[in-house]
file coords-v5.csv (CSV, C-alpha atoms and all ligand atoms)
chain,number,residue,atom,x,y,z
A,1,MET,CA,5.0,-18.2,21.9
A,2,PRO,CA,3.6,-19.2,18.5
A,3,GLU,CA,5.8,-20.7,15.7
A,4,PRO,CA,7.6,-18.1,13.6
A,5,ILE,CA,5.9,-17.0,10.4
A,6,ARG,CA,7.8,-16.3,7.2
A,7,VAL,CA,7.5,-12.8,5.7
A,8,VAL,CA,9.1,-11.6,2.5
A,9,VAL,CA,10.0,-8.0,1.8
A,10,THR,CA,11.2,-7.2,-1.8
A,11,GLY,CA,13.3,-4.2,-2.6
A,12,ALA,CA,14.9,-5.0,0.8
A,13,ALA,CA,18.0,-2.9,0.1
A,14,GLY,CA,16.0,0.2,-0.9
A,15,GLN,CA,14.9,3.2,1.0
A,16,ILE,CA,11.4,2.2,2.1
A,17,SER,CA,12.6,-1.1,3.4
A,18,TYR,CA,15.3,0.6,5.4
A,19,SER,CA,12.5,1.9,7.7
A,20,LEU,CA,10.0,-0.9,7.1
A,21,LEU,CA,12.1,-3.9,8.1
A,22,TYR,CA,12.6,-2.5,11.6
A,23,MET,CA,8.9,-1.8,12.0
A,24,ILE,CA,8.0,-5.4,10.9
A,25,ALA,CA,10.7,-7.0,12.9
A,26,LYS,CA,9.8,-5.4,16.2
A,27,GLY,CA,6.2,-6.6,16.0
A,28,ASP,CA,4.2,-3.6,14.7
A,29,VAL,CA,2.4,-5.7,12.1
A,30,PHE,CA,2.0,-9.2,13.3
A,31,GLY,CA,1.9,-8.4,17.0
A,32,TYR,CA,4.4,-8.3,19.8
A,33,GLU,CA,4.1,-12.0,20.5
A,34,GLN,CA,4.6,-13.3,17.0
A,35,PRO,CA,8.2,-14.4,16.1
A,36,LEU,CA,9.3,-13.9,12.4
A,37,ILE,CA,11.6,-15.2,9.8
A,38,LEU,CA,12.3,-12.3,7.3
A,39,HIS,CA,13.1,-13.2,3.7
A,40,LEU,CA,14.8,-10.2,2.0
A,41,LEU,CA,14.7,-10.1,-1.8
A,42,ASP,CA,16.7,-7.7,-4.0
A,43,ILE,CA,18.5,-7.9,-7.3
A,44,PRO,CA,22.0,-9.3,-7.6
A,45,PRO,CA,23.9,-5.9,-7.8
A,46,MET,CA,22.3,-5.0,-4.5
A,47,MET,CA,23.5,-8.0,-2.5
A,48,ASP,CA,26.4,-6.2,-0.8
A,49,VAL,CA,24.1,-3.4,0.3
A,50,LEU,CA,21.6,-6.0,1.5
A,51,GLN,CA,24.3,-7.7,3.6
A,52,GLY,CA,24.8,-4.3,5.3
A,53,VAL,CA,21.0,-4.3,6.1
A,54,VAL,CA,21.3,-7.8,7.4
A,55,MET,CA,24.1,-6.7,9.7
A,56,GLU,CA,22.1,-3.8,11.0
A,57,LEU,CA,19.1,-6.0,11.7
A,58,ALA,CA,21.3,-8.3,13.7
A,59,ASP,CA,22.7,-5.3,15.6
A,60,CYS,CA,19.2,-4.2,16.5
A,61,ALA,CA,19.0,-7.4,18.7
A,62,ILE,CA,15.2,-7.7,18.1
A,63,PRO,CA,13.8,-10.6,20.2
A,64,LEU,CA,11.0,-11.5,17.7
A,65,LEU,CA,13.4,-11.8,14.7
A,66,ARG,CA,14.4,-15.4,14.6
A,67,GLU,CA,16.2,-15.5,11.2
A,68,VAL,CA,17.0,-13.3,8.2
A,69,ILE,CA,17.3,-14.8,4.7
A,70,PRO,CA,18.8,-12.4,2.2
A,71,THR,CA,18.5,-13.5,-1.4
A,72,ALA,CA,18.3,-12.6,-5.1
A,73,ASP,CA,16.4,-15.7,-5.9
A,74,PRO,CA,12.6,-15.5,-6.0
A,75,ALA,CA,12.3,-19.2,-5.3
A,76,VAL,CA,14.0,-18.7,-2.0
A,77,ALA,CA,12.4,-15.4,-1.2
A,78,PHE,CA,8.8,-16.6,-1.7
A,79,LYS,CA,9.1,-20.1,-0.2
A,80,ASP,CA,6.3,-20.7,2.4
A,81,VAL,CA,5.7,-17.0,3.1
A,82,SER,CA,2.5,-15.9,4.9
A,83,ALA,CA,2.9,-12.3,4.0
A,84,ALA,CA,4.5,-10.4,1.2
A,85,PHE,CA,5.5,-6.8,1.1
A,86,LEU,CA,6.2,-6.1,-2.6
A,87,VAL,CA,8.2,-2.9,-2.4
A,88,GLY,CA,11.0,-3.6,-5.0
A,89,ALA,CA,10.4,-1.4,-8.0
A,90,MET,CA,11.8,1.8,-9.5
A,91,PRO,CA,10.5,5.0,-7.9
A,92,ARG,CA,9.4,8.0,-10.0
A,93,LYS,CA,11.5,11.2,-10.3
A,94,GLN,CA,10.3,14.8,-10.3
A,95,GLY,CA,8.0,15.6,-13.2
A,96,MET,CA,6.8,12.0,-13.7
A,97,GLU,CA,3.4,10.5,-13.0
A,98,ARG,CA,3.4,7.1,-11.3
A,99,LYS,CA,2.0,5.4,-14.4
A,100,ASP,CA,5.1,6.4,-16.3
A,101,LEU,CA,6.8,3.6,-14.3
A,102,LEU,CA,4.6,0.9,-15.9
A,103,SER,CA,7.2,0.0,-18.5
A,104,ALA,CA,10.0,-0.3,-16.0
A,105,ASN,CA,8.1,-2.1,-13.3
A,106,VAL,CA,5.1,-4.2,-14.4
A,107,LYS,CA,7.2,-7.2,-15.5
A,108,ILE,CA,8.6,-7.4,-12.0
A,109,PHE,CA,5.1,-8.1,-10.8
A,110,LYS,CA,4.5,-10.8,-13.4
A,111,VAL,CA,7.6,-12.6,-12.3
A,112,GLN,CA,6.8,-12.2,-8.6
A,113,GLY,CA,3.2,-13.3,-9.2
A,114,GLU,CA,4.5,-16.5,-10.8
A,115,ALA,CA,6.9,-17.1,-7.9
A,116,LEU,CA,4.1,-16.5,-5.3
A,117,ASP,CA,2.0,-19.0,-7.1
A,118,LYS,CA,4.7,-21.6,-7.0
A,119,TYR,CA,6.3,-21.1,-3.7
A,120,ALA,CA,4.2,-19.1,-1.2
A,121,LYS,CA,1.5,-20.4,1.2
A,122,LYS,CA,-1.9,-20.4,-0.6
A,123,ASP,CA,-3.3,-18.0,2.0
A,124,VAL,CA,-0.4,-15.5,1.6
A,125,LYS,CA,-1.5,-11.9,2.0
A,126,VAL,CA,0.2,-9.7,-0.6
A,127,LEU,CA,0.6,-5.9,-0.3
A,128,VAL,CA,1.9,-4.2,-3.4
A,129,VAL,CA,3.8,-0.9,-2.7
A,130,GLY,CA,5.9,-0.6,-5.9
A,131,ASN,CA,4.3,1.9,-8.3
A,132,PRO,CA,2.0,2.0,-10.1
A,133,ALA,CA,0.7,0.0,-7.2
A,134,ASN,CA,-2.9,-0.8,-8.2
A,135,THR,CA,-2.0,-2.1,-11.7
A,136,ASN,CA,1.0,-3.9,-10.5
A,137,ALA,CA,-1.2,-5.7,-7.9
A,138,LEU,CA,-3.7,-6.7,-10.6
A,139,ILE,CA,-1.0,-8.1,-12.8
A,140,CYS,CA,0.7,-9.9,-9.9
A,141,SER,CA,-2.6,-11.6,-9.1
A,142,LYS,CA,-3.2,-12.6,-12.7
A,143,TYR,CA,0.0,-14.6,-12.7
A,144,ALA,CA,-0.8,-16.3,-9.4
A,145,PRO,CA,-4.0,-18.1,-10.3
A,146,SER,CA,-3.8,-20.6,-7.4
A,147,ILE,CA,-4.0,-17.8,-4.8
A,148,PRO,CA,-7.4,-16.1,-4.3
A,149,LYS,CA,-7.5,-12.7,-6.0
A,150,GLU,CA,-8.7,-11.2,-2.7
A,151,ASN,CA,-5.2,-11.8,-1.3
A,152,PHE,CA,-3.7,-9.2,-3.6
A,153,THR,CA,-3.9,-5.6,-2.5
A,154,ALA,CA,-2.3,-2.3,-3.3
A,155,MET,CA,-1.3,0.4,-0.9
A,156,THR,CA,-3.4,3.6,-0.6
A,157,ARG,CA,-3.0,3.7,3.2
A,158,LEU,CA,-0.3,6.4,2.8
A,159,ASP,CA,-3.0,8.6,1.0
A,160,GLN,CA,-5.4,7.8,3.8
A,161,ASN,CA,-2.9,8.8,6.4
A,162,ARG,CA,-2.1,12.0,4.5
A,163,ALA,CA,-5.8,12.8,4.3
A,164,GLN,CA,-6.4,12.1,7.9
A,165,ALA,CA,-3.4,14.3,8.9
A,166,GLN,CA,-4.7,17.2,6.7
A,167,VAL,CA,-8.2,17.0,8.2
A,168,SER,CA,-7.0,16.8,11.7
A,169,ALA,CA,-4.6,19.8,11.2
A,170,LYS,CA,-7.4,21.8,9.7
A,171,ILE,CA,-9.7,21.1,12.7
A,172,GLY,CA,-6.8,21.4,15.2
A,173,VAL,CA,-7.2,18.0,16.9
A,174,PRO,CA,-4.8,15.0,17.2
A,175,VAL,CA,-5.0,12.5,14.2
A,176,GLU,CA,-6.6,9.7,16.2
A,177,GLN,CA,-9.7,11.9,16.7
A,178,VAL,CA,-10.4,11.8,13.0
A,179,SER,CA,-11.6,8.6,11.2
A,180,ASN,CA,-13.3,7.2,8.1
A,181,VAL,CA,-11.6,9.5,5.6
A,182,ILE,CA,-11.8,7.5,2.3
A,183,ILE,CA,-9.4,7.1,-0.6
A,184,TRP,CA,-11.2,5.9,-3.7
A,185,GLY,CA,-9.5,4.6,-6.8
A,186,ASN,CA,-6.0,4.8,-8.0
A,187,HIS,CA,-2.8,5.6,-6.0
A,188,SER,CA,-2.2,8.4,-8.5
A,189,SER,CA,-3.1,12.0,-9.0
A,190,THR,CA,-6.7,11.0,-10.0
A,191,GLN,CA,-7.4,9.4,-6.6
A,192,PHE,CA,-10.4,10.8,-4.8
A,193,PRO,CA,-9.7,11.6,-1.2
A,194,ASP,CA,-13.2,11.9,0.3
A,195,ALA,CA,-14.0,13.4,3.7
A,196,SER,CA,-17.7,13.4,3.2
A,197,HIS,CA,-18.2,10.3,5.4
A,198,ALA,CA,-15.4,11.2,7.9
A,199,VAL,CA,-16.1,11.8,11.5
A,200,VAL,CA,-14.3,13.7,14.3
A,201,ASN,CA,-14.5,12.9,18.0
A,202,LEU,CA,-14.7,16.2,19.8
A,203,SER,CA,-15.0,16.1,23.7
A,204,GLY,CA,-16.6,12.6,23.5
A,205,LYS,CA,-19.1,13.7,20.8
A,206,GLN,CA,-19.0,12.2,17.3
A,207,LEU,CA,-19.5,14.9,14.6
A,208,THR,CA,-19.1,14.8,10.9
A,209,VAL,CA,-16.0,16.5,9.5
A,210,ALA,CA,-18.3,18.5,7.2
A,211,GLU,CA,-20.2,20.0,10.1
A,212,VAL,CA,-17.0,20.9,11.9
A,213,ILE,CA,-15.0,22.3,9.0
A,214,LYS,CA,-18.0,24.1,7.3
A,215,ASP,CA,-15.9,24.9,4.2
A,216,ASP,CA,-17.1,23.0,1.2
A,217,SER,CA,-14.6,24.5,-1.1
A,218,TRP,CA,-11.7,23.4,1.1
A,219,LEU,CA,-13.1,19.9,1.4
A,220,ARG,CA,-13.9,19.5,-2.3
A,221,ASP,CA,-11.0,21.3,-3.8
A,222,THR,CA,-8.0,22.3,-1.6
A,223,PHE,CA,-8.0,19.1,0.5
A,224,VAL,CA,-8.5,16.9,-2.5
A,225,GLN,CA,-5.6,18.5,-4.4
A,226,ILE,CA,-3.2,18.5,-1.4
A,227,VAL,CA,-3.6,14.8,-0.9
A,228,GLN,CA,-3.5,14.0,-4.7
A,229,LYS,CA,-0.3,15.8,-5.1
A,230,ARG,CA,1.4,15.0,-1.7
A,231,GLY,CA,3.7,12.4,-3.2
A,232,ALA,CA,5.0,14.8,-5.8
A,233,ALA,CA,5.4,17.5,-3.1
A,234,VAL,CA,7.6,15.2,-1.1
A,235,ILE,CA,9.7,14.3,-4.2
A,236,ALA,CA,10.1,18.0,-4.9
A,237,ALA,CA,11.4,18.7,-1.4
A,238,ARG,CA,13.5,15.5,-0.8
A,239,LYS,CA,14.5,14.8,-4.4
A,240,MET,CA,13.5,11.2,-3.5
A,241,SER,CA,10.1,9.7,-3.0
A,242,SER,CA,8.5,9.2,0.4
A,243,ALA,CA,10.0,6.4,2.4
A,244,LEU,CA,9.4,6.7,6.2
A,245,SER,CA,5.7,7.5,5.7
A,246,ALA,CA,5.4,4.8,3.1
A,247,ALA,CA,6.9,2.2,5.4
A,248,LYS,CA,4.5,3.3,8.2
A,249,ALA,CA,1.6,3.1,5.9
A,250,ALA,CA,2.6,-0.4,4.8
A,251,THR,CA,2.7,-1.6,8.4
A,252,ASP,CA,-0.7,0.0,9.1
A,253,HIS,CA,-2.2,-1.8,6.0
A,254,MET,CA,-0.8,-5.2,6.9
A,255,ARG,CA,-1.5,-4.9,10.6
A,256,ASP,CA,-5.2,-4.1,10.0
A,257,TRP,CA,-5.4,-6.9,7.4
A,258,PHE,CA,-3.9,-9.5,9.9
A,259,GLN,CA,-5.4,-8.1,13.1
A,260,GLY,CA,-8.7,-6.6,11.9
A,261,THR,CA,-10.3,-3.1,12.0
A,262,VAL,CA,-11.9,-1.5,15.0
A,263,TYR,CA,-15.7,-1.7,15.0
A,264,GLY,CA,-17.3,1.3,13.2
A,265,LYS,CA,-14.0,2.4,11.6
A,266,TYR,CA,-12.9,1.7,8.0
A,267,VAL,CA,-9.6,1.9,6.2
A,268,SER,CA,-8.8,2.2,2.5
A,269,MET,CA,-7.1,-0.5,0.5
A,270,GLY,CA,-6.6,-1.2,-3.2
A,271,VAL,CA,-8.6,-4.4,-3.6
A,272,VAL,CA,-10.1,-6.2,-6.6
A,273,SER,CA,-13.3,-4.5,-7.6
A,274,ASP,CA,-16.6,-6.6,-7.4
A,275,GLY,CA,-18.5,-3.8,-9.1
A,276,SER,CA,-19.5,-2.0,-5.9
A,277,TYR,CA,-20.4,1.7,-6.4
A,278,GLY,CA,-20.5,1.2,-10.1
A,279,VAL,CA,-16.7,0.7,-10.3
A,280,PRO,CA,-15.7,-1.6,-13.2
A,281,LYS,CA,-14.8,-5.2,-12.2
A,282,ASP,CA,-11.3,-6.7,-12.6
A,283,LEU,CA,-9.5,-3.6,-11.5
A,284,VAL,CA,-7.6,-3.1,-8.3
A,285,PHE,CA,-9.4,0.0,-6.9
A,286,SER,CA,-9.1,1.6,-3.5
A,287,PHE,CA,-12.3,1.2,-1.5
A,288,PRO,CA,-13.2,1.7,2.1
A,289,VAL,CA,-13.1,-1.7,3.8
A,290,THR,CA,-13.6,-3.3,7.2
A,291,ILE,CA,-11.6,-6.4,8.1
A,292,LYS,CA,-12.5,-9.4,10.3
A,293,ASN,CA,-10.7,-12.7,10.6
A,294,GLY,CA,-8.2,-11.7,8.0
A,295,GLN,CA,-10.9,-11.0,5.3
A,296,TRP,CA,-11.7,-7.6,4.0
A,297,SER,CA,-15.2,-6.5,3.0
A,298,ILE,CA,-16.0,-3.3,1.0
A,299,VAL,CA,-18.2,-0.9,3.1
A,300,GLN,CA,-21.6,-0.9,1.4
A,301,GLY,CA,-24.4,1.7,1.4
A,302,LEU,CA,-22.4,4.9,1.5
A,303,THR,CA,-24.1,7.8,-0.3
A,304,ILE,CA,-22.3,8.9,-3.4
A,305,ASP,CA,-23.4,12.3,-4.7
A,306,ASP,CA,-22.8,13.5,-8.3
A,307,PHE,CA,-19.5,15.1,-7.4
A,308,ALA,CA,-18.2,11.9,-6.0
A,309,LYS,CA,-19.6,9.8,-8.9
A,310,GLN,CA,-17.7,11.9,-11.3
A,311,LYS,CA,-14.4,11.5,-9.3
A,312,LEU,CA,-14.9,7.8,-9.1
A,313,ALA,CA,-15.4,7.6,-12.9
A,314,ILE,CA,-12.2,9.5,-13.6
A,315,THR,CA,-10.0,7.4,-11.5
A,316,GLY,CA,-11.7,4.2,-12.7
A,317,LYS,CA,-11.1,5.2,-16.3
A,318,GLU,CA,-7.4,5.8,-15.6
A,319,LEU,CA,-7.1,2.3,-14.0
A,320,GLU,CA,-8.7,0.7,-17.1
A,321,GLU,CA,-6.2,2.5,-19.3
A,322,GLU,CA,-3.3,1.4,-17.1
A,323,LYS,CA,-4.5,-2.2,-17.2
A,324,GLU,CA,-4.6,-2.1,-21.0
A,325,GLU,CA,-1.1,-0.6,-21.2
A,326,ALA,CA,0.2,-3.1,-18.7
A,327,VAL,CA,-1.1,-6.1,-20.6
A,328,ALA,CA,0.4,-4.6,-23.8
A,329,ILE,CA,3.8,-4.2,-22.2
A,330,ILE,CA,3.8,-7.8,-20.9
A,331,GLN,CA,2.7,-9.2,-24.2
A,332,ALA,CA,5.2,-7.2,-26.3
B,1,LIG,P1,14.4,2.4,-4.0
B,1,LIG,O1,14.9,2.6,-5.4
B,1,LIG,O2,15.1,3.0,-2.8
B,1,LIG,O3,14.4,0.8,-3.7
B,1,LIG,C1,13.8,-0.1,-4.5
B,1,LIG,C2,14.6,-1.4,-4.3
B,1,LIG,O4,14.0,-2.4,-5.2
B,1,LIG,C3,16.1,-1.3,-4.8
B,1,LIG,O5,16.9,-1.8,-3.8
B,1,LIG,C4,16.1,-2.2,-6.0
B,1,LIG,O6,17.3,-2.8,-6.3
B,1,LIG,C5,15.0,-3.2,-5.7
B,1,LIG,N1,14.4,-3.9,-6.9
B,1,LIG,C6,14.3,-3.5,-8.1
B,1,LIG,N2,13.8,-4.5,-8.9
B,1,LIG,C7,13.6,-5.6,-8.0
B,1,LIG,C8,13.2,-6.9,-8.2
B,1,LIG,N3,12.8,-7.4,-9.4
B,1,LIG,N4,13.1,-7.7,-7.2
B,1,LIG,C9,13.5,-7.3,-5.9
B,1,LIG,N5,14.0,-6.0,-5.7
B,1,LIG,C10,14.0,-5.2,-6.8
B,1,LIG,O7,12.8,2.7,-4.0
B,1,LIG,P2,11.9,3.0,-2.8
B,1,LIG,O8,11.9,4.4,-2.5
B,1,LIG,O9,12.1,2.0,-1.7
B,1,LIG,O10,10.4,2.8,-3.5
B,1,LIG,C11,10.1,1.5,-3.9
B,1,LIG,C12,8.8,1.6,-4.7
B,1,LIG,O11,7.7,2.0,-3.8
B,1,LIG,C13,8.8,2.6,-5.9
B,1,LIG,O12,8.1,2.1,-7.0
B,1,LIG,C14,8.0,3.8,-5.3
B,1,LIG,O13,7.4,4.6,-6.3
B,1,LIG,C15,6.9,3.0,-4.5
B,1,LIG,N6,6.2,3.8,-3.5
B,1,LIG,C16,4.9,3.5,-3.3
B,1,LIG,C17,4.1,4.1,-2.4
B,1,LIG,C18,2.6,3.9,-2.2
B,1,LIG,O14,2.0,4.6,-1.4
B,1,LIG,N7,2.0,2.9,-2.8
B,1,LIG,C19,4.7,5.0,-1.5
B,1,LIG,C20,6.1,5.3,-1.7
B,1,LIG,C21,6.8,4.6,-2.7
B,2,LIG,C1,4.0,8.5,-2.7
B,2,LIG,O1,2.7,8.6,-2.8
B,2,LIG,O2,4.7,9.2,-2.0
B,2,LIG,C2,4.6,7.4,-3.5
B,2,LIG,O3,3.7,6.8,-4.4
B,2,LIG,C3,5.8,7.9,-4.2
B,2,LIG,C4,5.4,8.8,-5.4
B,2,LIG,O4,5.9,8.5,-6.5
B,2,LIG,O5,4.7,9.8,-5.2

call {"tool": "encode", "arguments": {"input": "coords-v5.csv", "output": "structure tokens"}}
result
Amino acid sequence: MPEPIRVVVTGAAGQISYSLLYMIAKGDVFGYEQPLILHLLDIPPMMDVLQGVVMELADCAIPLLREVIPTADPAVAFKDVSAAFLVGAMPRKQGMERKDLLSANVKIFKVQGEALDKYAKKDVKVLVVGNPANTNALICSKYAPSIPKENFTAMTRLDQNRAQAQVSAKIGVPVEQVSNVIIWGNHSSTQFPDASHAVVNLSGKQLTVAEVIKDDSWLRDTFVQIVQKRGAAVIAARKMSSALSAAKAATDHMRDWFQGTVYGKYVSMGVVSDGSYGVPKDLVFSFPVTIKNGQWSIVQGLTIDDFAKQKLAITGKELEEEKEEAVAIIQA
């Protein structure tokens, strides 16, 4: 068995973490042979609740889980970690957009960026889940200059999973038969869920989703809107934001980042833009990526028609506005 690695989860007493911690601890992310030491960060008023979570983790009797360190101190939480799940942040309520959370949340990611810079391993892989995830990830990376900016990512895997589920339900096949649905841009209602490069495996034959669904207006309109508004629909139904599906998406994102993607398949991640597809640089923008040896690369050469170009521009513009607002909040 390899040596245990240290993994931090912030917002560890919250609702996403309640599902996420078990998934991580039992090996879904780092593999079923990799022992772990879990660092659990939350704020001081949540320490009693967090103790309850620690008790439950012990009561799960998980062989890979070697130690659990609950704390309200970022210096302890981020010490020597190889992976960071930054979940801790306020969730939105019904009627809000995710960017309405900037004023409440962005400063958390400045502080945690500074703590990562000081205490984490220099090759730490950081996944920002707390909303607005893309802009929080950008800010976090700015305050951790000693860690490569490629190591800061934002979660759009939940949107990808939602999109894949919608397409597979429309066709009437299990989800694993559908791949390469892309989420472009912001984890917000301006995101562009794009099925134009997606494929479906039907009786061993690979077909494009477009040639199977044969309904342009569903693919360009209904589907796009369902995925864009799915988070709000869950909040309207549950009166709380998605948690189980968010935890599952976070494990999918980190597992693929650590273990790599399957040849020919890509996944969507909010990553720092290098200007690919005309997206402005210095934004955390969701692109299709492939991953090898722990390094992601943006999939190149996809055809972007005028419809898609327009959608990418809208979501890119929103991210530029969010970035400006985030900087103003931090400097105020
Ligand atoms: P929650 O309110 O149940 O839990 C959040 C936890 O974070 C709380 O325990 C809180 O005390 C803690 N926290 C707050 N400030 C902190 C800090 N500075 N350091 C450490 N912990 C801190 O919320 P939740 O439902 O678990 O959601 C967490 C975040 O994830 C929200 O911002 C939500 O909008 C976001 N989210 C993102 C996605 C995505 O796809 N990117 C999906 C679902 C939810
Ligand atoms: C989601 O997509 O479910 C989360 O980002 C929570 C939200 O605010 O919608």

call {"tool": "residues_around", "arguments": {"input": "coords-v5.csv", "residues": "A:Val209", "least_positions_apart": "2", "cutoff": "8 Å", "atoms": "only C-alpha atoms", "output": "list in words"}}
result
Val167, Ala195, Ser196, His197, Ala198, Val199, Val200, Leu207, Glu211, Val212 and Ile213 of chain A

call {"tool": "closest_residue", "arguments": {"input": "coords-v5.csv", "among": "A:Val272, A:Ile69, A:Val81, A:Ala12", "to": "A:Asn134", "atoms": "all atoms listed in the file"}}
result
A:Val272

call {"tool": "residues_near_ligand", "arguments": {"input": "coords-v5.csv", "ligand": "ligand LIG 2 (chain B)", "cutoff": "9 Å", "atoms": "all atoms listed in the file", "output": "PyMOL selection string"}}
result
chain A and resi 91-94+96-98+129-133+155-156+158-159+187-189+228-235+240-243+245-246

call {"tool": "atom_distance", "arguments": {"input": "coords-v5.csv", "atom1": "atom C3 of ligand LIG 1 (chain B)", "atom2": "atom CA of A:Gly11"}}
result
4.6 Å

call {"tool": "residues_around", "arguments": {"input": "coords-v5.csv", "residues": "A:Trp184", "least_positions_apart": "3", "cutoff": "9 Å", "atoms": "all atoms listed in the file", "output": "list in words"}}
result
Thr156, His187, Gln191, Phe192, Pro193, Asp194, Ser268, Met269, Gly270, Phe285, Ser286, Phe287, Pro288, Lys311, Leu312 and Thr315 of chain A

call {"tool": "residues_around", "arguments": {"input": "coords-v5.csv", "residues": "A:Val327", "least_positions_apart": "5", "cutoff": "12 Å", "atoms": "only C-alpha atoms", "output": "number ranges by chain"}}
result
A: 102-103, 106-107, 109-110, 135-136, 138-140, 142-143, 320-322, 332

call {"tool": "residues_around", "arguments": {"input": "coords-v5.csv", "residues": "A:Leu40", "least_positions_apart": "3", "cutoff": "12 Å", "atoms": "only C-alpha atoms", "output": "number ranges by chain"}}
result
A: 6-14, 17-18, 20-21, 37, 43, 46-47, 49-51, 53-54, 57, 67-79, 81, 84-88

call {"tool": "closest_residue", "arguments": {"input": "coords-v5.csv", "among": "A:Gly172, A:Gly264, A:Gly316, A:Gly301", "to": "A:Leu283", "atoms": "only C-alpha atoms"}}
result
A:Gly316

call {"tool": "closest_residue", "arguments": {"input": "coords-v5.csv", "among": "A:Val173, A:Ala144, A:Ala313, A:Ile298", "to": "A:Val279", "atoms": "only C-alpha atoms"}}
result
A:Ala313

call {"tool": "closest_residue", "arguments": {"input": "coords-v5.csv", "among": "A:Gly294, A:Ser203, A:Pro145, A:Gln300", "to": "A:Asp274", "atoms": "all atoms listed in the file"}}
result
A:Gln300

call {"tool": "closest_residue", "arguments": {"input": "coords-v5.csv", "among": "A:Lys309, A:Arg157, A:Lys205, A:Lys323", "to": "A:Val267", "atoms": "all atoms listed in the file"}}
result
A:Arg157

call {"tool": "closest_residue", "arguments": {"input": "coords-v5.csv", "among": "A:Ser141, A:Ile62, A:Ile5, A:Ser217", "to": "A:Val111", "atoms": "all atoms listed in the file"}}
result
A:Ser141

call {"tool": "atom_distance", "arguments": {"input": "coords-v5.csv", "atom1": "atom CA of A:Gln206", "atom2": "atom CA of A:Ser179"}}
result
10.2 Å

call {"tool": "residues_around", "arguments": {"input": "coords-v5.csv", "residues": "A:Gln259", "least_positions_apart": "5", "cutoff": "9 Å", "atoms": "only C-alpha atoms", "output": "PDB file with C-alpha atoms, in the coordinates of the input"}}
result
ATOM      1  CA  VAL A  29       2.400  -5.700  12.100  1.00  0.00           C
ATOM      2  CA  PHE A  30       2.000  -9.200  13.300  1.00  0.00           C
ATOM      3  CA  GLY A  31       1.900  -8.400  17.000  1.00  0.00           C
ATOM      4  CA  MET A 254      -0.800  -5.200   6.900  1.00  0.00           C
ATOM      5  CA  ILE A 291     -11.600  -6.400   8.100  1.00  0.00           C
ATOM      6  CA  LYS A 292     -12.500  -9.400  10.300  1.00  0.00           C
ATOM      7  CA  ASN A 293     -10.700 -12.700  10.600  1.00  0.00           C
ATOM      8  CA  GLY A 294      -8.200 -11.700   8.000  1.00  0.00           C
TER       9      GLY A 294
END

call {"tool": "atom_distance", "arguments": {"input": "coords-v5.csv", "atom1": "atom CA of A:Gln295", "atom2": "atom CA of A:Glu150"}}
result
8.3 Å

call {"tool": "residues_near_point", "arguments": {"input": "coords-v5.csv", "point": "(11.4, -1.4, 10.7)", "cutoff": "10 Å", "atoms": "all atoms listed in the file", "output": "ChimeraX atom specification"}}
result
/A:16-28,57,244,247-248,251

call {"tool": "write_last_selection", "arguments": {"input": "coords-v5.csv", "atoms": "C-alpha atoms", "output": "PDB file, in the coordinates of the input"}}
result
ATOM      1  CA  ILE A  16      11.400   2.200   2.100  1.00  0.00           C
ATOM      2  CA  SER A  17      12.600  -1.100   3.400  1.00  0.00           C
ATOM      3  CA  TYR A  18      15.300   0.600   5.400  1.00  0.00           C
ATOM      4  CA  SER A  19      12.500   1.900   7.700  1.00  0.00           C
ATOM      5  CA  LEU A  20      10.000  -0.900   7.100  1.00  0.00           C
ATOM      6  CA  LEU A  21      12.100  -3.900   8.100  1.00  0.00           C
ATOM      7  CA  TYR A  22      12.600  -2.500  11.600  1.00  0.00           C
ATOM      8  CA  MET A  23       8.900  -1.800  12.000  1.00  0.00           C
ATOM      9  CA  ILE A  24       8.000  -5.400  10.900  1.00  0.00           C
ATOM     10  CA  ALA A  25      10.700  -7.000  12.900  1.00  0.00           C
ATOM     11  CA  LYS A  26       9.800  -5.400  16.200  1.00  0.00           C
ATOM     12  CA  GLY A  27       6.200  -6.600  16.000  1.00  0.00           C
ATOM     13  CA  ASP A  28       4.200  -3.600  14.700  1.00  0.00           C
ATOM     14  CA  LEU A  57      19.100  -6.000  11.700  1.00  0.00           C
ATOM     15  CA  LEU A 244       9.400   6.700   6.200  1.00  0.00           C
ATOM     16  CA  ALA A 247       6.900   2.200   5.400  1.00  0.00           C
ATOM     17  CA  LYS A 248       4.500   3.300   8.200  1.00  0.00           C
ATOM     18  CA  THR A 251       2.700  -1.600   8.400  1.00  0.00           C
TER      19      THR A 251
END
